[in-house]
Amino acid sequence: MSFFTVFSENIAKLKNVTSIQSREREKKEEGSTMNTTETTYLSKKGMKELKKSIAQLERDQQKTIRELHDQEKTDSHDERLARIEKLAWLDTIESELADKKALSQSAKLFPRKRDAVFVAIGSVVELIDNSGRQFVYTIVDSIEANPSDGRISIKSPLGQSLVGKTISDTISWGKQTMQLQLVRIS
């Protein structure tokens, strides 16, 4: 194969990757513009994690741009392919960064004062199952959910079962209809 054949094939691949990524970005932007009017409530921890994530993505973006500048004068086929991969990675980073920044703009901290009589987003609930095991969960938005860290989504089956409940209510959820007693709301 001649140099020009390989070069034109790589350019065609790059154009194809770029057009696919552009379409994906447009779809995400359409989806993210719809969600910007919707407020997302986050805990202090969730807001801090979001800001850390944005900062890390910005560092990754700068690092990738520097690496691309270093690879600007490439001669071999492998180096050009590596550059194409870096461009695709940069596009992924920029897309994720745009999504996180849009979320950051629509995010608010949980209200400080909320009714501790009913379970709502931001509530910390204490549950006891039939065998006496105790569970403590914070009800959060799905963006911030991490069950292993004690944060469950308000949109999860358990979260939906808990919303609006009061102390001493019994919550049934799951296929095995697990029953939990709501002991405390804070």
# chains A, B, ... in the order shown; residues from 1 in each chain; ligands from 1
>>> residues_around(residues="Phe110 of chain A", least_positions_apart="6", cutoff="7 Å", atoms="only C-alpha atoms", output="PDB file with N, CA, C and O atoms, in the first residue's frame")
ATOM      1  N   TYR A  41     -31.372  17.857  43.365  1.00  0.00           N
ATOM      2  CA  TYR A  41     -30.966  18.120  44.747  1.00  0.00           C
ATOM      3  C   TYR A  41     -29.855  17.161  45.127  1.00  0.00           C
ATOM      4  O   TYR A  41     -29.970  15.952  44.957  1.00  0.00           O
ATOM      5  N   LEU A  42     -28.766  17.720  45.654  1.00  0.00           N
ATOM      6  CA  LEU A  42     -27.619  16.928  46.068  1.00  0.00           C
ATOM      7  C   LEU A  42     -27.272  17.235  47.524  1.00  0.00           C
ATOM      8  O   LEU A  42     -27.515  18.333  48.006  1.00  0.00           O
ATOM      9  N   SER A  43     -26.667  16.256  48.173  1.00  0.00           N
ATOM     10  CA  SER A  43     -26.156  16.478  49.520  1.00  0.00           C
ATOM     11  C   SER A  43     -24.844  17.257  49.404  1.00  0.00           C
ATOM     12  O   SER A  43     -24.317  17.443  48.307  1.00  0.00           O
ATOM     13  N   GLY A 122     -33.344  13.668  50.764  1.00  0.00           N
ATOM     14  CA  GLY A 122     -32.483  14.253  51.793  1.00  0.00           C
ATOM     15  C   GLY A 122     -32.702  13.658  53.171  1.00  0.00           C
ATOM     16  O   GLY A 122     -31.904  13.885  54.072  1.00  0.00           O
TER      17      GLY A 122
END
>>> residues_around(residues="segment 165-170 of chain A", least_positions_apart="5", cutoff="8 Å", atoms="only C-alpha atoms", output="mmCIF file with all heavy atoms, in the first residue's frame")
data_model
loop_
_atom_site.group_PDB
_atom_site.id
_atom_site.type_symbol
_atom_site.label_atom_id
_atom_site.label_comp_id
_atom_site.auth_asym_id
_atom_site.auth_seq_id
_atom_site.Cartn_x
_atom_site.Cartn_y
_atom_site.Cartn_z
ATOM 1 N N VAL A 117 -41.177 14.381 59.667
ATOM 2 C CA VAL A 117 -42.320 13.502 59.905
ATOM 3 C C VAL A 117 -42.498 12.542 58.734
ATOM 4 O O VAL A 117 -42.832 11.376 58.914
ATOM 5 C CB VAL A 117 -43.606 14.339 60.115
ATOM 6 C CG1 VAL A 117 -44.806 13.440 60.292
ATOM 7 C CG2 VAL A 117 -43.435 15.260 61.305
ATOM 8 N N PHE A 118 -42.250 13.011 57.521
ATOM 9 C CA PHE A 118 -42.398 12.201 56.316
ATOM 10 C C PHE A 118 -41.049 12.037 55.630
ATOM 11 O O PHE A 118 -40.223 12.943 55.637
ATOM 12 C CB PHE A 118 -43.363 12.865 55.324
ATOM 13 C CG PHE A 118 -44.756 13.010 55.849
ATOM 14 C CD1 PHE A 118 -45.207 14.232 56.337
ATOM 15 C CD2 PHE A 118 -45.616 11.938 55.869
ATOM 16 C CE1 PHE A 118 -46.483 14.378 56.830
ATOM 17 C CE2 PHE A 118 -46.899 12.061 56.361
ATOM 18 C CZ PHE A 118 -47.341 13.287 56.845
ATOM 19 N N VAL A 119 -40.855 10.898 54.980
ATOM 20 C CA VAL A 119 -39.621 10.642 54.235
ATOM 21 C C VAL A 119 -39.680 11.414 52.924
ATOM 22 O O VAL A 119 -40.677 11.376 52.209
ATOM 23 C CB VAL A 119 -39.440 9.137 53.954
ATOM 24 C CG1 VAL A 119 -38.205 8.894 53.102
ATOM 25 C CG2 VAL A 119 -39.368 8.347 55.246
ATOM 26 N N GLN A 179 -39.909 -7.051 54.172
ATOM 27 C CA GLN A 179 -40.590 -6.076 54.991
ATOM 28 C C GLN A 179 -39.613 -5.418 55.945
ATOM 29 O O GLN A 179 -38.834 -6.080 56.611
ATOM 30 C CB GLN A 179 -41.741 -6.710 55.754
ATOM 31 C CG GLN A 179 -42.828 -7.204 54.836
ATOM 32 C CD GLN A 179 -44.152 -7.268 55.556
ATOM 33 O OE1 GLN A 179 -44.209 -7.233 56.769
ATOM 34 N NE2 GLN A 179 -45.215 -7.350 54.789
ATOM 35 N N LEU A 180 -39.670 -4.090 55.971
ATOM 36 C CA LEU A 180 -38.814 -3.303 56.852
ATOM 37 C C LEU A 180 -39.677 -2.370 57.663
ATOM 38 O O LEU A 180 -40.668 -1.828 57.160
ATOM 39 C CB LEU A 180 -37.810 -2.496 56.014
ATOM 40 C CG LEU A 180 -36.874 -3.284 55.119
ATOM 41 C CD1 LEU A 180 -36.152 -2.340 54.154
ATOM 42 C CD2 LEU A 180 -35.874 -4.052 55.936
ATOM 43 N N GLN A 181 -39.295 -2.154 58.906
ATOM 44 C CA GLN A 181 -39.994 -1.234 59.796
ATOM 45 C C GLN A 181 -39.228 0.081 59.825
ATOM 46 O O GLN A 181 -38.031 0.093 60.080
ATOM 47 C CB GLN A 181 -40.081 -1.828 61.207
ATOM 48 C CG GLN A 181 -40.812 -0.991 62.215
ATOM 49 C CD GLN A 181 -42.312 -1.092 62.057
ATOM 50 O OE1 GLN A 181 -42.811 -2.120 61.627
ATOM 51 N NE2 GLN A 181 -42.999 -0.037 62.397
ATOM 52 N N LEU A 182 -39.911 1.197 59.556
ATOM 53 C CA LEU A 182 -39.291 2.503 59.613
ATOM 54 C C LEU A 182 -39.243 2.967 61.068
ATOM 55 O O LEU A 182 -40.272 3.120 61.715
ATOM 56 C CB LEU A 182 -40.080 3.501 58.763
ATOM 57 C CG LEU A 182 -39.552 4.919 58.640
ATOM 58 C CD1 LEU A 182 -38.141 4.926 58.089
ATOM 59 C CD2 LEU A 182 -40.450 5.735 57.731
ATOM 60 N N VAL A 183 -38.024 3.149 61.592
ATOM 61 C CA VAL A 183 -37.846 3.443 63.002
ATOM 62 C C VAL A 183 -37.582 4.926 63.243
ATOM 63 O O VAL A 183 -38.059 5.487 64.220
ATOM 64 C CB VAL A 183 -36.652 2.628 63.583
ATOM 65 C CG1 VAL A 183 -36.522 2.840 65.072
ATOM 66 C CG2 VAL A 183 -36.819 1.169 63.272
ATOM 67 N N ARG A 184 -36.805 5.558 62.342
ATOM 68 C CA ARG A 184 -36.430 6.950 62.578
ATOM 69 C C ARG A 184 -36.257 7.675 61.252
ATOM 70 O O ARG A 184 -35.784 7.116 60.279
ATOM 71 C CB ARG A 184 -35.127 7.003 63.372
ATOM 72 C CG ARG A 184 -34.801 8.371 63.921
ATOM 73 C CD ARG A 184 -33.557 8.323 64.734
ATOM 74 N NE ARG A 184 -32.442 8.141 63.792
ATOM 75 C CZ ARG A 184 -31.203 8.470 64.042
ATOM 76 N NH1 ARG A 184 -30.885 8.969 65.202
ATOM 77 N NH2 ARG A 184 -30.261 8.292 63.157
ATOM 78 N N ILE A 185 -36.607 8.955 61.256
ATOM 79 C CA ILE A 185 -36.408 9.850 60.111
ATOM 80 C C ILE A 185 -35.684 11.084 60.625
ATOM 81 O O ILE A 185 -36.086 11.673 61.627
ATOM 82 C CB ILE A 185 -37.763 10.291 59.484
ATOM 83 C CG1 ILE A 185 -38.601 9.094 59.074
ATOM 84 C CG2 ILE A 185 -37.505 11.224 58.304
ATOM 85 C CD1 ILE A 185 -40.005 9.456 58.682
#
>>> closest_residue(among="A:Ala120, A:Tyr137, A:Ala98, A:Lys86", to="Gln160 of chain A", atoms="only C-alpha atoms")
A:Ala120
>>> residues_around(residues="Asp149 of chain A", least_positions_apart="2", cutoff="10 Å", atoms="only C-alpha atoms", output="number ranges by chain")
A: 136-138, 145-147, 151-152
>>> closest_residue(among="A:Leu90, A:Asp75, A:Gln61, A:Leu162", to="Val125 of chain A", atoms="only C-alpha atoms")
A:Leu162
>>> closest_atom_pairs(of="segment 62-162 of chain A", to="segment 51-58 of chain A", cutoff="10 Å", atoms="only C-alpha atoms", output="JSON lines")
{"residue": "A:Gln62", "atom": "CA", "partner": "A:Glu58", "partner_atom": "CA", "distance": 6.3}
{"residue": "A:Lys63", "atom": "CA", "partner": "A:Glu58", "partner_atom": "CA", "distance": 8.6}
{"residue": "A:Thr64", "atom": "CA", "partner": "A:Glu58", "partner_atom": "CA", "distance": 9.9}
{"residue": "A:Ile93", "atom": "CA", "partner": "A:Leu57", "partner_atom": "CA", "distance": 6.5}
{"residue": "A:Glu94", "atom": "CA", "partner": "A:Leu57", "partner_atom": "CA", "distance": 8.0}
{"residue": "A:Glu96", "atom": "CA", "partner": "A:Leu57", "partner_atom": "CA", "distance": 7.9}
{"residue": "A:Leu97", "atom": "CA", "partner": "A:Leu57", "partner_atom": "CA", "distance": 6.1}
{"residue": "A:Ala98", "atom": "CA", "partner": "A:Ile54", "partner_atom": "CA", "distance": 9.1}
{"residue": "A:Asp99", "atom": "CA", "partner": "A:Ile54", "partner_atom": "CA", "distance": 9.6}
{"residue": "A:Lys100", "atom": "CA", "partner": "A:Ile54", "partner_atom": "CA", "distance": 6.5}
{"residue": "A:Lys101", "atom": "CA", "partner": "A:Ile54", "partner_atom": "CA", "distance": 7.0}
{"residue": "A:Ser104", "atom": "CA", "partner": "A:Lys51", "partner_atom": "CA", "distance": 7.8}
>>> residues_around(residues="Leu68 of chain A", least_positions_apart="3", cutoff="8 Å", atoms="only C-alpha atoms", output="list in words")
Thr64, Ile65, Gln71, Glu72, Arg83, Lys86 and Leu87 of chain A
>>> write_last_selection(atoms="N, CA and C atoms", output="tab-separated table (two decimals), in the first residue's frame")
chain	number	residue	atom	x	y	z
A	64	THR	N	-4.72	15.63	27.84
A	64	THR	CA	-4.93	15.03	26.52
A	64	THR	C	-4.60	16.02	25.42
A	65	ILE	N	-4.95	17.28	25.60
A	65	ILE	CA	-4.63	18.31	24.61
A	65	ILE	C	-3.12	18.46	24.49
A	71	GLN	N	2.01	14.98	19.74
A	71	GLN	CA	1.90	14.02	18.63
A	71	GLN	C	1.57	14.70	17.30
A	72	GLU	N	1.61	16.00	17.25
A	72	GLU	CA	1.20	16.74	16.07
A	72	GLU	C	1.97	16.32	14.83
A	83	ARG	N	-3.05	9.04	17.48
A	83	ARG	CA	-3.59	10.40	17.50
A	83	ARG	C	-5.11	10.38	17.33
A	86	LYS	N	-6.60	9.38	20.55
A	86	LYS	CA	-6.54	10.50	21.50
A	86	LYS	C	-7.64	11.51	21.21
A	87	LEU	N	-7.90	11.77	19.93
A	87	LEU	CA	-8.97	12.71	19.57
A	87	LEU	C	-10.33	12.18	20.03
>>> select_by_dssp(residues="segment 77-153 of chain A", states="helix (DSSP H, G or I)", output="PyMOL selection string")
chain A and resi 77-106+147-149
>>> write_last_selection(atoms="N, CA and C atoms", output="mmCIF file, in the first residue's frame")
data_model
loop_
_atom_site.group_PDB
_atom_site.id
_atom_site.type_symbol
_atom_site.label_atom_id
_atom_site.label_comp_id
_atom_site.auth_asym_id
_atom_site.auth_seq_id
_atom_site.Cartn_x
_atom_site.Cartn_y
_atom_site.Cartn_z
ATOM 1 N N HIS A 77 2.210 5.164 10.635
ATOM 2 C CA HIS A 77 0.798 4.771 10.641
ATOM 3 C C HIS A 77 0.294 4.589 12.072
ATOM 4 N N ASP A 78 1.090 3.921 12.896
ATOM 5 C CA ASP A 78 0.698 3.671 14.283
ATOM 6 C C ASP A 78 0.539 4.967 15.064
ATOM 7 N N GLU A 79 1.420 5.914 14.811
ATOM 8 C CA GLU A 79 1.336 7.198 15.503
ATOM 9 C C GLU A 79 0.071 7.960 15.105
ATOM 10 N N ARG A 80 -0.290 7.861 13.820
ATOM 11 C CA ARG A 80 -1.522 8.531 13.370
ATOM 12 C C ARG A 80 -2.755 7.881 13.991
ATOM 13 N N LEU A 81 -2.734 6.558 14.096
ATOM 14 C CA LEU A 81 -3.854 5.867 14.742
ATOM 15 C C LEU A 81 -3.943 6.235 16.219
ATOM 16 N N ALA A 82 -2.799 6.360 16.862
ATOM 17 C CA ALA A 82 -2.780 6.765 18.272
ATOM 18 C C ALA A 82 -3.354 8.168 18.418
ATOM 19 N N ARG A 83 -3.046 9.042 17.482
ATOM 20 C CA ARG A 83 -3.590 10.405 17.503
ATOM 21 C C ARG A 83 -5.109 10.385 17.334
ATOM 22 N N ILE A 84 -5.597 9.545 16.438
ATOM 23 C CA ILE A 84 -7.048 9.425 16.230
ATOM 24 C C ILE A 84 -7.727 8.945 17.514
ATOM 25 N N GLU A 85 -7.098 7.976 18.181
ATOM 26 C CA GLU A 85 -7.653 7.484 19.447
ATOM 27 C C GLU A 85 -7.660 8.581 20.500
ATOM 28 N N LYS A 86 -6.597 9.381 20.545
ATOM 29 C CA LYS A 86 -6.539 10.503 21.502
ATOM 30 C C LYS A 86 -7.644 11.513 21.210
ATOM 31 N N LEU A 87 -7.897 11.774 19.932
ATOM 32 C CA LEU A 87 -8.969 12.710 19.571
ATOM 33 C C LEU A 87 -10.330 12.179 20.028
ATOM 34 N N ALA A 88 -10.537 10.887 19.842
ATOM 35 C CA ALA A 88 -11.797 10.282 20.286
ATOM 36 C C ALA A 88 -11.922 10.369 21.806
ATOM 37 N N TRP A 89 -10.819 10.114 22.519
ATOM 38 C CA TRP A 89 -10.818 10.193 23.982
ATOM 39 C C TRP A 89 -11.108 11.617 24.445
ATOM 40 N N LEU A 90 -10.505 12.605 23.759
ATOM 41 C CA LEU A 90 -10.731 14.005 24.097
ATOM 42 C C LEU A 90 -12.201 14.370 23.915
ATOM 43 N N ASP A 91 -12.802 13.874 22.854
ATOM 44 C CA ASP A 91 -14.217 14.147 22.610
ATOM 45 C C ASP A 91 -15.089 13.549 23.713
ATOM 46 N N THR A 92 -14.737 12.358 24.163
ATOM 47 C CA THR A 92 -15.475 11.717 25.255
ATOM 48 C C THR A 92 -15.359 12.538 26.538
ATOM 49 N N ILE A 93 -14.150 12.988 26.833
ATOM 50 C CA ILE A 93 -13.924 13.798 28.035
ATOM 51 C C ILE A 93 -14.734 15.083 27.961
ATOM 52 N N GLU A 94 -14.691 15.759 26.814
ATOM 53 C CA GLU A 94 -15.404 17.027 26.663
ATOM 54 C C GLU A 94 -16.908 16.838 26.782
ATOM 55 N N SER A 95 -17.421 15.742 26.252
ATOM 56 C CA SER A 95 -18.854 15.464 26.357
ATOM 57 C C SER A 95 -19.265 15.236 27.811
ATOM 58 N N GLU A 96 -18.482 14.421 28.517
ATOM 59 C CA GLU A 96 -18.782 14.159 29.927
ATOM 60 C C GLU A 96 -18.645 15.425 30.760
ATOM 61 N N LEU A 97 -17.660 16.242 30.445
ATOM 62 C CA LEU A 97 -17.449 17.498 31.150
ATOM 63 C C LEU A 97 -18.639 18.436 30.950
ATOM 64 N N ALA A 98 -19.144 18.511 29.729
ATOM 65 C CA ALA A 98 -20.311 19.360 29.448
ATOM 66 C C ALA A 98 -21.531 18.879 30.236
ATOM 67 N N ASP A 99 -21.723 17.564 30.297
ATOM 68 C CA ASP A 99 -22.849 17.014 31.053
ATOM 69 C C ASP A 99 -22.740 17.345 32.542
ATOM 70 N N LYS A 100 -21.543 17.170 33.091
ATOM 71 C CA LYS A 100 -21.348 17.442 34.526
ATOM 72 C C LYS A 100 -21.513 18.929 34.836
ATOM 73 N N LYS A 101 -21.030 19.800 33.941
ATOM 74 C CA LYS A 101 -21.192 21.239 34.164
ATOM 75 C C LYS A 101 -22.662 21.637 34.092
ATOM 76 N N ALA A 102 -23.418 21.039 33.171
ATOM 77 C CA ALA A 102 -24.851 21.323 33.086
ATOM 78 C C ALA A 102 -25.558 20.863 34.359
ATOM 79 N N LEU A 103 -25.163 19.695 34.857
ATOM 80 C CA LEU A 103 -25.734 19.194 36.106
ATOM 81 C C LEU A 103 -25.384 20.124 37.255
ATOM 82 N N SER A 104 -24.148 20.597 37.283
ATOM 83 C CA SER A 104 -23.696 21.499 38.336
ATOM 84 C C SER A 104 -24.511 22.791 38.355
ATOM 85 N N GLN A 105 -24.867 23.278 37.182
ATOM 86 C CA GLN A 105 -25.648 24.517 37.106
ATOM 87 C C GLN A 105 -27.076 24.330 37.599
ATOM 88 N N SER A 106 -27.630 23.125 37.426
ATOM 89 C CA SER A 106 -29.008 22.899 37.856
ATOM 90 C C SER A 106 -29.096 22.272 39.247
ATOM 91 N N PRO A 147 -25.590 2.655 47.017
ATOM 92 C CA PRO A 147 -26.122 1.860 48.125
ATOM 93 C C PRO A 147 -25.061 1.343 49.088
ATOM 94 N N SER A 148 -23.875 1.019 48.596
ATOM 95 C CA SER A 148 -22.826 0.515 49.490
ATOM 96 C C SER A 148 -22.341 1.611 50.442
ATOM 97 N N ASP A 149 -22.601 2.873 50.090
ATOM 98 C CA ASP A 149 -22.230 4.002 50.926
ATOM 99 C C ASP A 149 -23.428 4.514 51.736
#
>>> atom_distance(atom1="atom CA of Glu38 of chain A", atom2="atom CA of Glu126 of chain A")
28.9 Å
>>> closest_residue(among="A:His69, A:Ala107, A:Phe135, A:Met178", to="Ser161 of chain A", atoms="only C-alpha atoms")
A:Met178
>>> atom_distance(atom1="atom CA of Ile121 of chain A", atom2="atom CA of Gly150 of chain A")
13.7 Å
>>> atom_distance(atom1="atom CA of Gly46 of chain A", atom2="atom CA of Arg59 of chain A")
20.0 Å
